[in-house]
$ cat input.cif   # mmCIF, C-alpha atoms
data_run
loop_
_atom_site.label_atom_id
_atom_site.label_comp_id
_atom_site.auth_asym_id
_atom_site.auth_seq_id
_atom_site.Cartn_x
_atom_site.Cartn_y
_atom_site.Cartn_z
CA MET A 14 0.00 0.00 0.00
CA THR A 15 1.34 3.40 -0.93
CA VAL A 16 1.23 6.53 1.23
CA LYS A 17 -1.18 8.04 -1.31
CA GLU A 18 -3.59 5.09 -0.93
CA PHE A 19 -3.40 5.41 2.84
CA ASP A 20 -4.09 9.15 2.60
CA GLU A 21 -7.18 8.39 0.50
CA PHE A 22 -8.32 5.77 3.01
CA VAL A 23 -7.97 8.24 5.91
CA GLU A 24 -9.89 10.89 3.96
CA ARG A 25 -12.70 8.45 3.13
CA GLN A 26 -13.04 7.47 6.79
CA ARG A 27 -12.89 11.08 7.97
CA SER A 28 -15.49 12.15 5.41
CA GLY A 29 -17.79 9.29 6.42
CA ALA A 30 -17.43 10.08 10.11
CA SER A 31 -18.18 13.73 9.45
CA ASN A 32 -21.37 12.87 7.55
CA ASP A 33 -22.42 10.52 10.36
CA GLY A 34 -21.61 13.12 12.99
CA GLN A 35 -25.22 13.85 13.83
CA VAL A 36 -26.20 10.24 14.46
CA ASN A 37 -26.06 9.06 18.06
CA TRP A 38 -25.18 5.42 17.48
CA ASP A 39 -25.58 4.40 21.14
CA GLN A 40 -29.09 5.78 21.05
CA GLU A 41 -29.78 3.99 17.76
CA ARG A 42 -28.60 0.70 19.29
CA ASP A 43 -30.73 1.17 22.42
CA GLU A 44 -33.83 2.06 20.41
CA TRP A 45 -33.35 -0.95 18.16
CA LEU A 46 -32.97 -3.26 21.16
CA ALA A 47 -36.12 -1.78 22.72
CA HIS A 48 -38.02 -2.45 19.48
CA LEU A 49 -36.64 -5.99 19.52
CA ASP A 50 -37.97 -6.54 23.04
CA ALA A 51 -41.33 -5.16 21.89
CA LEU A 52 -41.36 -7.65 19.00
CA TYR A 53 -40.72 -10.54 21.38
CA ARG A 54 -43.52 -9.36 23.68
CA MET A 55 -45.85 -9.12 20.67
CA ILE A 56 -44.98 -12.65 19.55
CA GLU A 57 -45.45 -14.02 23.06
CA ALA A 58 -48.87 -12.36 23.09
CA LEU A 59 -49.75 -13.75 19.64
CA LEU A 60 -48.80 -17.23 20.80
CA GLY A 61 -50.20 -16.77 24.31
CA LYS A 62 -52.81 -19.53 24.05
CA TYR A 63 -50.24 -22.08 22.89
CA ILE A 64 -47.60 -20.98 25.38
CA SER A 65 -49.93 -21.16 28.37
CA SER A 66 -51.10 -24.63 27.35
CA GLY A 67 -47.49 -25.80 26.96
CA GLN A 68 -47.86 -26.58 23.24
CA ILE A 69 -45.24 -23.98 22.40
CA SER A 70 -42.30 -23.09 24.62
CA VAL A 71 -40.23 -19.91 24.46
CA ARG A 72 -36.69 -19.32 25.56
CA TYR A 73 -34.02 -16.75 24.86
CA LYS A 74 -30.27 -16.80 24.50
CA PRO A 75 -27.82 -13.92 24.21
CA ILE A 76 -26.01 -13.39 20.92
CA GLU A 77 -23.23 -11.04 19.94
CA LEU A 78 -23.82 -8.57 17.11
CA ASN A 79 -21.13 -6.47 15.48
CA GLU A 80 -22.11 -3.57 13.24
CA ARG A 81 -20.00 -1.13 11.28
CA ASP A 82 -21.10 2.07 13.03
CA ILE A 83 -22.14 0.69 16.40
CA GLY A 84 -19.49 -1.90 17.17
CA SER A 85 -20.03 -5.02 19.23
CA TYR A 86 -23.06 -5.46 21.48
CA GLN A 87 -25.34 -8.13 22.90
CA ALA A 88 -28.92 -8.88 21.83
CA ARG A 89 -31.39 -11.63 22.58
CA GLN A 90 -32.32 -14.45 20.23
CA MET A 91 -35.81 -15.93 20.66
CA ILE A 92 -36.25 -19.68 20.33
CA LEU A 93 -39.70 -21.16 19.82
CA ARG A 94 -40.19 -24.87 20.37
CA ILE A 95 -43.24 -26.32 18.64
CA GLY A 96 -43.26 -30.06 19.22
CA ARG A 97 -40.11 -31.36 17.54
CA GLN A 98 -39.71 -28.23 15.47
CA GLU A 99 -37.57 -25.31 16.55
CA VAL A 100 -37.84 -21.80 15.13
CA ASP A 101 -35.12 -19.26 15.88
CA LEU A 102 -35.71 -15.52 15.70
CA VAL A 103 -32.22 -14.16 15.17
CA PRO A 104 -31.65 -10.39 15.25
CA THR A 105 -29.09 -9.51 12.59
CA GLY A 106 -28.69 -5.77 13.03
CA THR A 107 -30.09 -2.30 12.69
CA LEU A 108 -30.14 0.50 10.10
CA PHE A 109 -30.11 -1.31 6.81
CA ILE A 110 -31.29 1.23 4.19
CA GLY A 111 -34.81 2.20 5.14
CA PHE A 112 -35.19 -0.28 7.98
CA LYS A 113 -34.36 0.18 11.63
CA GLY A 114 -33.92 -3.50 12.36
CA LEU A 115 -33.78 -6.97 10.87
CA VAL A 116 -34.69 -10.31 12.45
CA ASP A 117 -34.26 -13.62 10.62
CA VAL A 118 -36.88 -16.27 11.33
CA ILE A 119 -35.19 -19.62 10.76
CA GLY A 120 -36.92 -22.99 10.76
CA SER A 121 -36.06 -26.45 9.52
CA ALA A 122 -37.60 -25.78 6.09
CA GLY A 123 -36.45 -22.27 5.39
CA LYS A 124 -35.95 -18.70 6.43
CA SER A 125 -38.08 -15.59 6.48
CA ARG A 126 -37.36 -12.10 7.75
CA LEU A 127 -39.03 -9.49 9.93
CA VAL A 128 -38.11 -5.85 9.40
CA LEU A 129 -38.68 -2.73 11.44
CA ALA A 130 -40.09 -0.34 8.84
CA ASN A 131 -41.32 3.23 8.91
CA LYS A 132 -45.05 3.27 9.48
CA ASP A 133 -45.41 6.41 7.38
CA ARG A 134 -48.93 6.40 5.96
CA ARG A 135 -47.77 8.04 2.75
CA PHE A 136 -46.26 4.74 1.76
CA THR A 137 -49.32 2.64 2.42
CA VAL A 138 -50.82 2.10 -0.99
CA GLN A 139 -52.35 -1.35 -0.73
CA GLY A 140 -54.57 -0.93 2.30
CA PRO A 141 -53.84 -0.73 6.02
CA GLN A 142 -51.88 -3.98 6.31
CA THR A 143 -49.31 -3.63 3.57
CA THR A 144 -46.61 -1.20 2.56
CA ARG A 145 -44.87 -1.17 -0.78
CA LEU A 146 -41.19 -1.97 -0.37
CA ILE A 147 -40.46 0.18 -3.41
CA LYS A 148 -42.01 3.14 -1.64
CA THR A 149 -40.04 2.41 1.49
CA VAL A 150 -36.72 2.49 -0.33
CA ASN A 151 -37.81 5.59 -2.24
CA GLN A 152 -37.68 7.52 1.01
CA PHE A 153 -33.98 7.79 0.29
CA ARG A 154 -34.60 10.22 -2.51
CA SER A 155 -35.17 12.89 0.12
CA GLY A 156 -32.34 11.54 2.22
CA SER A 157 -34.15 12.53 5.40
CA GLU A 158 -34.33 9.10 6.93
CA LEU A 159 -30.76 8.30 6.02
CA ALA A 160 -29.37 11.53 7.36
CA SER A 161 -30.98 11.24 10.77
CA PRO A 162 -32.51 7.83 11.35
CA SER A 163 -34.00 8.79 14.72
CA ASP A 164 -36.10 11.65 13.35
CA LYS A 165 -39.68 11.18 14.43
CA ALA A 166 -40.23 8.10 12.29
CA GLU A 167 -42.88 5.75 13.57
CA TRP A 168 -41.52 2.23 13.34
CA THR A 169 -43.50 -0.97 13.03
CA TRP A 170 -42.59 -4.61 12.51
CA ARG A 171 -43.39 -6.05 9.09
CA ILE A 172 -42.80 -9.29 7.24
CA MET A 173 -40.39 -8.86 4.37
CA PRO A 174 -41.55 -10.42 1.10
CA ARG A 175 -39.53 -12.90 -0.87
CA PRO A 176 -38.06 -11.10 -3.92
CA PRO A 177 -39.39 -9.95 -6.32
CA GLY A 178 -42.37 -9.33 -4.02
CA LEU A 179 -42.78 -5.77 -2.83
CA GLU A 180 -45.48 -5.93 -0.17
CA LEU A 181 -44.40 -5.62 3.45
CA ASP A 182 -47.09 -7.43 5.43
CA GLU A 183 -48.12 -6.41 8.91
CA VAL A 184 -47.38 -8.91 11.69
CA THR A 185 -50.94 -10.05 12.36
CA PRO A 186 -51.69 -13.39 14.07
CA GLU A 187 -52.69 -14.92 10.71
CA ASN A 188 -49.59 -13.66 8.90
CA PHE A 189 -47.25 -14.74 11.69
CA PHE A 190 -48.81 -18.21 11.96
CA GLN A 191 -48.43 -18.61 8.20
CA LEU A 192 -44.80 -17.53 8.43
CA LEU A 193 -44.12 -20.11 11.14
CA MET A 194 -45.72 -22.84 9.03
CA GLU A 195 -43.68 -21.85 5.98
CA VAL A 196 -40.33 -22.01 7.75
CA THR A 197 -41.20 -25.34 9.38
CA ASN A 198 -42.91 -26.86 6.34
CA GLY A 199 -46.00 -27.16 8.51
CA MET B 14 -39.12 -5.10 -21.40
CA ASP B 15 -39.15 -7.86 -23.98
CA GLU B 16 -39.26 -11.03 -21.89
CA SER B 17 -38.75 -13.43 -24.80
CA PRO B 18 -35.96 -15.99 -24.34
CA GLY B 19 -33.98 -14.58 -27.27
CA ASN B 20 -33.64 -11.15 -25.72
CA PRO B 21 -30.42 -11.05 -23.68
CA SER B 22 -31.40 -7.83 -21.90
CA ARG B 23 -34.18 -9.62 -20.05
CA HIS B 24 -31.46 -11.31 -17.97
CA THR B 25 -30.40 -7.94 -16.61
CA SER B 26 -33.59 -7.19 -14.70
CA LEU B 27 -33.72 -7.63 -10.95
CA GLU B 28 -37.12 -9.29 -11.20
CA TRP B 29 -35.77 -11.89 -13.59
CA ALA B 30 -32.85 -12.59 -11.22
CA ALA B 31 -35.32 -13.06 -8.36
CA GLN B 32 -37.54 -15.35 -10.38
CA TYR B 33 -34.55 -17.41 -11.48
CA HIS B 34 -33.37 -17.64 -7.86
CA ASN B 35 -36.78 -18.68 -6.60
CA ASP B 36 -37.13 -21.30 -9.32
CA ALA B 37 -33.67 -22.69 -8.50
CA VAL B 38 -34.59 -22.97 -4.80
CA GLU B 39 -37.92 -24.58 -5.67
CA SER B 40 -36.14 -27.01 -7.98
CA PHE B 41 -33.83 -28.17 -5.20
CA ASN B 42 -36.78 -28.47 -2.84
CA HIS B 43 -38.40 -30.85 -5.31
CA TYR B 44 -35.18 -32.60 -6.26
CA LEU B 45 -34.32 -33.42 -2.65
CA SER B 46 -37.81 -34.00 -1.35
CA VAL B 47 -38.37 -37.45 0.10
CA VAL B 48 -41.06 -38.21 -2.48
CA SER B 49 -39.00 -37.23 -5.52
CA PRO B 50 -38.16 -40.28 -7.67
CA LYS B 51 -34.76 -38.78 -8.37
CA SER B 52 -34.16 -38.32 -4.68
CA LEU B 53 -35.25 -41.86 -3.87
CA SER B 54 -32.85 -43.30 -6.43
CA GLN B 55 -29.88 -41.07 -5.75
CA PHE B 56 -30.19 -40.53 -2.02
CA ASP B 57 -31.66 -43.80 -0.86
CA ALA B 58 -28.95 -44.21 1.75
CA TYR B 59 -29.82 -40.88 3.29
CA SER B 60 -31.87 -40.65 6.37
CA ARG B 61 -34.32 -37.74 6.44
CA PRO B 62 -32.03 -35.51 8.59
CA ARG B 63 -29.15 -36.03 6.16
CA LEU B 64 -31.44 -35.20 3.28
CA ASP B 65 -32.46 -31.98 5.06
CA VAL B 66 -28.83 -31.04 5.58
CA GLY B 67 -28.11 -31.68 1.91
CA LEU B 68 -31.07 -29.53 0.91
CA ALA B 69 -30.03 -26.72 3.26
CA ASP B 70 -26.50 -26.78 1.77
CA TYR B 71 -27.84 -26.57 -1.79
CA ILE B 72 -30.18 -23.71 -0.91
CA GLN B 73 -27.38 -21.84 0.89
CA GLU B 74 -25.10 -22.30 -2.12
CA THR B 75 -27.85 -21.08 -4.44
CA ASP B 76 -28.31 -18.01 -2.26
CA LEU B 77 -24.60 -17.20 -2.45
CA ARG B 78 -24.49 -17.60 -6.24
CA SER B 79 -27.60 -15.48 -6.72
CA SER B 80 -26.13 -12.86 -4.37
CA LEU B 81 -23.02 -12.62 -6.52
CA GLU B 82 -25.22 -12.20 -9.60
CA LEU B 83 -27.00 -9.23 -8.00
CA LEU B 84 -23.72 -7.60 -7.01
CA THR B 85 -22.37 -7.97 -10.54
CA LYS B 86 -25.50 -6.22 -11.83
CA ILE B 87 -24.87 -3.31 -9.47
CA GLU B 88 -21.20 -3.13 -10.48
CA ALA B 89 -22.09 -3.21 -14.17
CA ALA B 90 -24.60 -0.39 -13.71
CA PHE B 91 -21.97 1.85 -12.08
CA GLN B 92 -19.38 1.05 -14.77
CA LEU B 93 -21.88 1.75 -17.57
CA ASP B 94 -22.86 5.02 -15.88
CA TYR B 95 -19.18 6.02 -15.69
CA GLN B 96 -18.62 5.27 -19.37
CA PHE B 97 -21.83 7.02 -20.42
CA ARG B 98 -21.07 10.21 -18.48
CA CYS B 99 -17.56 10.34 -19.95
CA ARG B 100 -18.69 9.57 -23.50
CA LYS B 101 -21.55 12.07 -23.48
CA ARG B 102 -19.51 14.76 -21.68
CA LEU B 103 -22.32 15.56 -19.26
CA LYS B 104 -21.89 18.81 -17.32
CA ASP B 105 -22.80 17.89 -13.73
CA ASP B 106 -20.15 17.65 -10.98
CA LEU B 107 -20.11 13.86 -10.96
CA SER B 108 -19.56 13.69 -14.72
CA TRP B 109 -16.74 16.25 -14.48
CA ALA B 110 -15.10 14.12 -11.81
CA PHE B 111 -15.47 11.05 -14.00
CA ARG B 112 -13.90 12.82 -16.97
CA ALA B 113 -10.89 13.68 -14.80
CA LEU B 114 -10.65 10.01 -13.91
CA TYR B 115 -10.96 9.05 -17.56
CA LYS B 116 -8.07 11.32 -18.49
CA ARG B 117 -5.98 9.51 -15.88
CA ASP B 118 -7.05 5.88 -16.27
CA GLN B 119 -9.49 5.77 -19.19
CA ARG B 120 -11.80 2.77 -18.98
CA TYR B 121 -9.87 0.89 -16.32
CA VAL B 122 -11.03 2.57 -13.13
CA SER B 123 -11.71 0.86 -9.83
CA LEU B 124 -15.33 0.68 -8.77
CA GLU B 125 -14.62 1.19 -5.09
CA LYS B 126 -11.58 3.47 -5.10
CA ASP B 127 -12.63 5.68 -7.99
CA ILE B 128 -16.27 5.42 -9.00
CA LEU B 129 -17.86 5.06 -5.55
CA ASP B 130 -15.54 7.74 -4.13
CA ALA B 131 -16.71 10.14 -6.83
CA TRP B 132 -20.35 9.35 -6.08
CA SER B 133 -19.74 10.00 -2.37
CA CYS B 134 -18.09 13.33 -3.07
CA HIS B 135 -20.38 14.66 -5.80
CA ALA B 136 -23.79 13.15 -5.06
CA SER B 137 -24.42 13.87 -1.39
CA GLU B 138 -27.80 12.09 -1.39
CA ALA B 139 -25.95 8.90 -2.30
CA HIS B 140 -23.60 8.93 0.67
CA GLN B 141 -25.27 6.29 2.84
CA ILE B 142 -26.22 4.04 -0.03
CA ILE B 143 -22.60 4.12 -1.14
CA GLY B 144 -21.52 3.25 2.42
CA GLU B 145 -23.75 0.19 2.38
CA LEU B 146 -22.47 -0.72 -1.08
CA ARG B 147 -18.84 -0.60 0.08
CA SER B 148 -19.69 -3.08 2.78
CA ALA B 149 -21.62 -5.31 0.37
CA PHE B 150 -18.74 -5.32 -2.08
CA LYS B 151 -16.48 -6.85 0.58
CA PHE B 152 -18.94 -9.74 0.45
CA ARG B 153 -18.73 -9.68 -3.37
CA HIS B 154 -14.92 -9.98 -3.25
CA TRP B 155 -15.19 -12.94 -0.94
CA LEU B 156 -17.71 -14.62 -3.24
CA ALA B 157 -15.83 -13.86 -6.44
CA HIS B 158 -12.37 -14.87 -5.24
CA GLY B 159 -12.87 -18.38 -3.98
CA ARG B 160 -14.14 -17.74 -0.44
CA TYR B 161 -10.79 -18.83 0.97
CA TRP B 162 -10.82 -16.42 3.92
CA THR B 163 -13.32 -15.49 6.60
CA PRO B 164 -14.74 -12.12 5.58
CA LYS B 165 -15.16 -9.43 8.22
CA LEU B 166 -18.46 -7.89 7.24
CA GLY B 167 -20.55 -5.36 9.14
CA ARG B 168 -23.61 -7.34 8.18
CA LYS B 169 -24.64 -10.81 7.15
CA TYR B 170 -25.69 -10.52 3.52
CA ASP B 171 -28.00 -12.77 1.58
CA PHE B 172 -30.01 -12.64 -1.63
CA GLN B 173 -33.02 -10.94 -0.02
CA LEU B 174 -30.99 -8.10 1.55
CA LEU B 175 -28.94 -7.59 -1.58
CA TYR B 176 -32.11 -7.48 -3.66
CA ILE B 177 -33.32 -4.58 -1.51
CA LEU B 178 -29.93 -2.91 -1.78
CA ALA B 179 -29.99 -3.28 -5.59
CA LEU B 180 -33.56 -1.98 -5.71
CA THR B 181 -32.53 0.99 -3.59
CA VAL B 182 -29.58 1.76 -5.84
CA PHE B 183 -31.58 1.53 -9.08
CA GLU B 184 -34.59 3.44 -7.72
CA ASN B 185 -32.66 6.25 -6.05
CA LEU B 186 -29.40 6.94 -7.83
CA PRO B 187 -29.45 8.67 -11.23
CA LEU B 188 -27.44 5.95 -12.97
CA ARG B 189 -27.18 6.63 -16.70
CA GLY B 190 -26.28 4.53 -19.66
CA THR B 191 -28.05 1.26 -18.97
CA ASP B 192 -30.77 1.77 -21.58
CA GLU B 193 -29.22 4.71 -23.42
CA ASP B 194 -26.89 5.14 -26.35
#

$ encode --input "input.cif" --output "structure tokens"
Amino acid sequence: MTVKEFDEFVERQRSGASNDGQVNWDQERDEWLAHLDALYRMIEALLGKYISSGQISVRYKPIELNERDIGSYQARQMILRIGRQEVDLVPTGTLFIGFKGLVDVIGSAGKSRLVLANKDRRFTVQGPQTTRLIKTVNQFRSGSELASPSDKAEWTWRIMPRPPGLELDEVTPENFFQLLMEVTNG
Amino acid sequence: MDESPGNPSRHTSLEWAAQYHNDAVESFNHYLSVVSPKSLSQFDAYSRPRLDVGLADYIQETDLRSSLELLTKIEAAFQLDYQFRCRKRLKDDLSWAFRALYKRDQRYVSLEKDILDAWSCHASEAHQIIGELRSAFKFRHWLAHGRYWTPKLGRKYDFQLLYILALTVFENLPLRGTDED
């Protein structure tokens, strides 16, 4: 590596840090983890009948996440036991273009994904339960969400579609049960 | 777009890549299902758990290959944009920066060191998308160069995430030259 290449590397990093200067990454991490806890509470409520009857069991285990701007931190992974099937809800990180959080839902027959998306009504074009993914990513044209991800956005958990699908489904009991059956080949 | 099999440009669409990926995954699901005749003949020594592991490996491999395909589409779009802006002598700041690069290196510029740097400097709205792309292209290098090391990535990439990244790039950045003379 030449000195010139190193100079360019330092400048790139400095420029990036300067543009990120207004983002409080600790706050972003804490908000994301709070949303993650809220998701787990919602799922426990959705499955309440099955959990209280012992048909489904829930446990958690800590996992280590490492993200470019936040660094290393701990989160909780949710593990659902349904008979002989196990479904893991694995948080994979926060702030991926347009989304404030990502959770993989992994079963024996496949994987799905939950995303924490902006609940902005402007992007709801298919009725109250769906949001067009294309509209969600188009928020970047203004740059507002990218520049300051904490700005007054109202976040809600959605089910990410399999490409090329574009509809982000709301996490309703019906949708979540269907998701669990898909990843377990139920 | 003309979706007929003879039209090579149909292979460049993201939707087509997604459909191809889904069909490949579905094909393996059928091929390695316990009721598939092919599976029964070829994998008769497998117990069901071993069959599941084999299927999971095939699906994971398909995901990696489809991910590389998406990343090559993104790279091609940036390279075509660079060439178009230089050829057409466009007057915006980004095109001026590209022409300076062209004087220095002509067609052989680096995507990450040259093209993405210029986008970061001269298209401020692109800054965070470019940051995510830089990270994704570390994954692309790992995929394209034999996967012989353990990549240190800020994120775990897969086809679904990269599809959204590609969609974001193509919907939000004014990339020129893909469908233009």

$ atom_distance --input "input.cif" --atom1 "atom CA of B:Val182" --atom2 "atom CA of B:Leu107"
16.2 Å

$ residues_around --input "input.cif" --residues "stretch 105-109 of chain A" --least-positions-apart "4" --cutoff "7 Å" --atoms "all atoms listed in the file" --output "list in words"
Trp45, Leu78, Glu80, Lys113, Gly114, Leu115, Val116 and Asp117 of chain A

$ closest_residue --input "input.cif" --among "A:Val196, A:Leu93, A:Ala122, A:Met55" --to "chain B" --atoms "all atoms listed in the file"
A:Ala122

$ residues_around --input "input.cif" --residues "A:Phe189" --least-positions-apart "3" --cutoff "12 Å" --atoms "all atoms listed in the file" --output "JSON list (two decimals) with C-alpha atoms, in the frame of the given file"
[["chain", "number", "residue", "atom", "x", "y", "z"],
["A", 52, "LEU", "CA", -41.36, -7.65, 19.00],
["A", 55, "MET", "CA", -45.85, -9.12, 20.67],
["A", 56, "ILE", "CA", -44.98, -12.65, 19.55],
["A", 57, "GLU", "CA", -45.45, -14.02, 23.06],
["A", 58, "ALA", "CA", -48.87, -12.36, 23.09],
["A", 59, "LEU", "CA", -49.75, -13.75, 19.64],
["A", 60, "LEU", "CA", -48.80, -17.23, 20.80],
["A", 118, "VAL", "CA", -36.88, -16.27, 11.33],
["A", 125, "SER", "CA", -38.08, -15.59, 6.48],
["A", 126, "ARG", "CA", -37.36, -12.10, 7.75],
["A", 127, "LEU", "CA", -39.03, -9.49, 9.93],
["A", 170, "TRP", "CA", -42.59, -4.61, 12.51],
["A", 171, "ARG", "CA", -43.39, -6.05, 9.09],
["A", 172, "ILE", "CA", -42.80, -9.29, 7.24],
["A", 173, "MET", "CA", -40.39, -8.86, 4.37],
["A", 182, "ASP", "CA", -47.09, -7.43, 5.43],
["A", 183, "GLU", "CA", -48.12, -6.41, 8.91],
["A", 184, "VAL", "CA", -47.38, -8.91, 11.69],
["A", 185, "THR", "CA", -50.94, -10.05, 12.36],
["A", 186, "PRO", "CA", -51.69, -13.39, 14.07],
["A", 192, "LEU", "CA", -44.80, -17.53, 8.43],
["A", 193, "LEU", "CA", -44.12, -20.11, 11.14],
["A", 194, "MET", "CA", -45.72, -22.84, 9.03],
["A", 195, "GLU", "CA", -43.68, -21.85, 5.98],
["A", 196, "VAL", "CA", -40.33, -22.01, 7.75]]

$ resolve_selection --input "input.cif" --expression "the PyMOL selection byres ((chain B) within 10 of (chain A))" --output "PDB file with C-alpha atoms, keeping the file's coordinate frame"
ATOM      1  CA  LEU B  27     -33.720  -7.630 -10.950  1.00  0.00           C
ATOM      2  CA  GLU B  28     -37.120  -9.290 -11.200  1.00  0.00           C
ATOM      3  CA  TRP B  29     -35.770 -11.890 -13.590  1.00  0.00           C
ATOM      4  CA  ALA B  30     -32.850 -12.590 -11.220  1.00  0.00           C
ATOM      5  CA  ALA B  31     -35.320 -13.060  -8.360  1.00  0.00           C
ATOM      6  CA  GLN B  32     -37.540 -15.350 -10.380  1.00  0.00           C
ATOM      7  CA  HIS B  34     -33.370 -17.640  -7.860  1.00  0.00           C
ATOM      8  CA  ASN B  35     -36.780 -18.680  -6.600  1.00  0.00           C
ATOM      9  CA  ASN B  42     -36.780 -28.470  -2.840  1.00  0.00           C
ATOM     10  CA  PRO B  62     -32.030 -35.510   8.590  1.00  0.00           C
ATOM     11  CA  ASP B  65     -32.460 -31.980   5.060  1.00  0.00           C
ATOM     12  CA  VAL B  66     -28.830 -31.040   5.580  1.00  0.00           C
ATOM     13  CA  LEU B  68     -31.070 -29.530   0.910  1.00  0.00           C
ATOM     14  CA  ALA B  69     -30.030 -26.720   3.260  1.00  0.00           C
ATOM     15  CA  ILE B  72     -30.180 -23.710  -0.910  1.00  0.00           C
ATOM     16  CA  LYS B 126     -11.580   3.470  -5.100  1.00  0.00           C
ATOM     17  CA  ASP B 130     -15.540   7.740  -4.130  1.00  0.00           C
ATOM     18  CA  SER B 133     -19.740  10.000  -2.370  1.00  0.00           C
ATOM     19  CA  CYS B 134     -18.090  13.330  -3.070  1.00  0.00           C
ATOM     20  CA  SER B 137     -24.420  13.870  -1.390  1.00  0.00           C
ATOM     21  CA  GLU B 138     -27.800  12.090  -1.390  1.00  0.00           C
ATOM     22  CA  ALA B 139     -25.950   8.900  -2.300  1.00  0.00           C
ATOM     23  CA  HIS B 140     -23.600   8.930   0.670  1.00  0.00           C
ATOM     24  CA  GLN B 141     -25.270   6.290   2.840  1.00  0.00           C
ATOM     25  CA  ILE B 142     -26.220   4.040  -0.030  1.00  0.00           C
ATOM     26  CA  GLY B 144     -21.520   3.250   2.420  1.00  0.00           C
ATOM     27  CA  GLU B 145     -23.750   0.190   2.380  1.00  0.00           C
ATOM     28  CA  SER B 148     -19.690  -3.080   2.780  1.00  0.00           C
ATOM     29  CA  LYS B 165     -15.160  -9.430   8.220  1.00  0.00           C
ATOM     30  CA  LEU B 166     -18.460  -7.890   7.240  1.00  0.00           C
ATOM     31  CA  GLY B 167     -20.550  -5.360   9.140  1.00  0.00           C
ATOM     32  CA  ARG B 168     -23.610  -7.340   8.180  1.00  0.00           C
ATOM     33  CA  LYS B 169     -24.640 -10.810   7.150  1.00  0.00           C
ATOM     34  CA  TYR B 170     -25.690 -10.520   3.520  1.00  0.00           C
ATOM     35  CA  PHE B 172     -30.010 -12.640  -1.630  1.00  0.00           C
ATOM     36  CA  GLN B 173     -33.020 -10.940  -0.020  1.00  0.00           C
ATOM     37  CA  LEU B 174     -30.990  -8.100   1.550  1.00  0.00           C
ATOM     38  CA  TYR B 176     -32.110  -7.480  -3.660  1.00  0.00           C
ATOM     39  CA  ILE B 177     -33.320  -4.580  -1.510  1.00  0.00           C
ATOM     40  CA  LEU B 178     -29.930  -2.910  -1.780  1.00  0.00           C
ATOM     41  CA  LEU B 180     -33.560  -1.980  -5.710  1.00  0.00           C
ATOM     42  CA  THR B 181     -32.530   0.990  -3.590  1.00  0.00           C
ATOM     43  CA  VAL B 182     -29.580   1.760  -5.840  1.00  0.00           C
ATOM     44  CA  GLU B 184     -34.590   3.440  -7.720  1.00  0.00           C
ATOM     45  CA  ASN B 185     -32.660   6.250  -6.050  1.00  0.00           C
ATOM     46  CA  LEU B 186     -29.400   6.940  -7.830  1.00  0.00           C
TER      47      LEU B 186
END

$ atom_distance --input "input.cif" --atom1 "atom CA of B:Ala37" --atom2 "atom CA of B:Asp171"
15.2 Å

$ atom_distance --input "input.cif" --atom1 "atom CA of B:Arg120" --atom2 "atom CA of B:Arg160"
27.7 Å

$ closest_residue --input "input.cif" --among "B:Leu45, B:Leu84, B:Leu129, B:Ala136" --to "B:Phe150" --atoms "all atoms listed in the file"
B:Leu84

$ residues_near_point --input "input.cif" --point "(-26.3, 1.8, -19.1)" --cutoff "12 Å" --atoms "only C-alpha atoms" --output "NGL selection string"
:B and (22 or 25 or 86-98 or 100 or 183 or 187-194)

$ write_last_selection --input "input.cif" --atoms "C-alpha atoms" --output "short mmCIF file (atom, residue, chain, number, x, y, z; two decimals), in the frame of the given file"
data_model
loop_
_atom_site.label_atom_id
_atom_site.label_comp_id
_atom_site.auth_asym_id
_atom_site.auth_seq_id
_atom_site.Cartn_x
_atom_site.Cartn_y
_atom_site.Cartn_z
CA SER B 22 -31.40 -7.83 -21.90
CA THR B 25 -30.40 -7.94 -16.61
CA LYS B 86 -25.50 -6.22 -11.83
CA ILE B 87 -24.87 -3.31 -9.47
CA GLU B 88 -21.20 -3.13 -10.48
CA ALA B 89 -22.09 -3.21 -14.17
CA ALA B 90 -24.60 -0.39 -13.71
CA PHE B 91 -21.97 1.85 -12.08
CA GLN B 92 -19.38 1.05 -14.77
CA LEU B 93 -21.88 1.75 -17.57
CA ASP B 94 -22.86 5.02 -15.88
CA TYR B 95 -19.18 6.02 -15.69
CA GLN B 96 -18.62 5.27 -19.37
CA PHE B 97 -21.83 7.02 -20.42
CA ARG B 98 -21.07 10.21 -18.48
CA ARG B 100 -18.69 9.57 -23.50
CA PHE B 183 -31.58 1.53 -9.08
CA PRO B 187 -29.45 8.67 -11.23
CA LEU B 188 -27.44 5.95 -12.97
CA ARG B 189 -27.18 6.63 -16.70
CA GLY B 190 -26.28 4.53 -19.66
CA THR B 191 -28.05 1.26 -18.97
CA ASP B 192 -30.77 1.77 -21.58
CA GLU B 193 -29.22 4.71 -23.42
CA ASP B 194 -26.89 5.14 -26.35
#

$ residues_around --input "input.cif" --residues "B:Cys99" --least-positions-apart "3" --cutoff "8 Å" --atoms "only C-alpha atoms" --output "JSON, numbers by chain"
{"B": [95, 96, 102, 103, 108, 111, 112, 115]}

$ write_last_selection --input "input.cif" --atoms "C-alpha atoms" --output "CSV table (one decimal), in the coordinates of the input"
chain,number,residue,atom,x,y,z
B,95,TYR,CA,-19.2,6.0,-15.7
B,96,GLN,CA,-18.6,5.3,-19.4
B,102,ARG,CA,-19.5,14.8,-21.7
B,103,LEU,CA,-22.3,15.6,-19.3
B,108,SER,CA,-19.6,13.7,-14.7
B,111,PHE,CA,-15.5,11.0,-14.0
B,112,ARG,CA,-13.9,12.8,-17.0
B,115,TYR,CA,-11.0,9.0,-17.6

$ closest_residue --input "input.cif" --among "B:Lys101, B:Ser80, B:Trp132, B:Ser40" --to "B:His154" --atoms "all atoms listed in the file"
B:Ser80
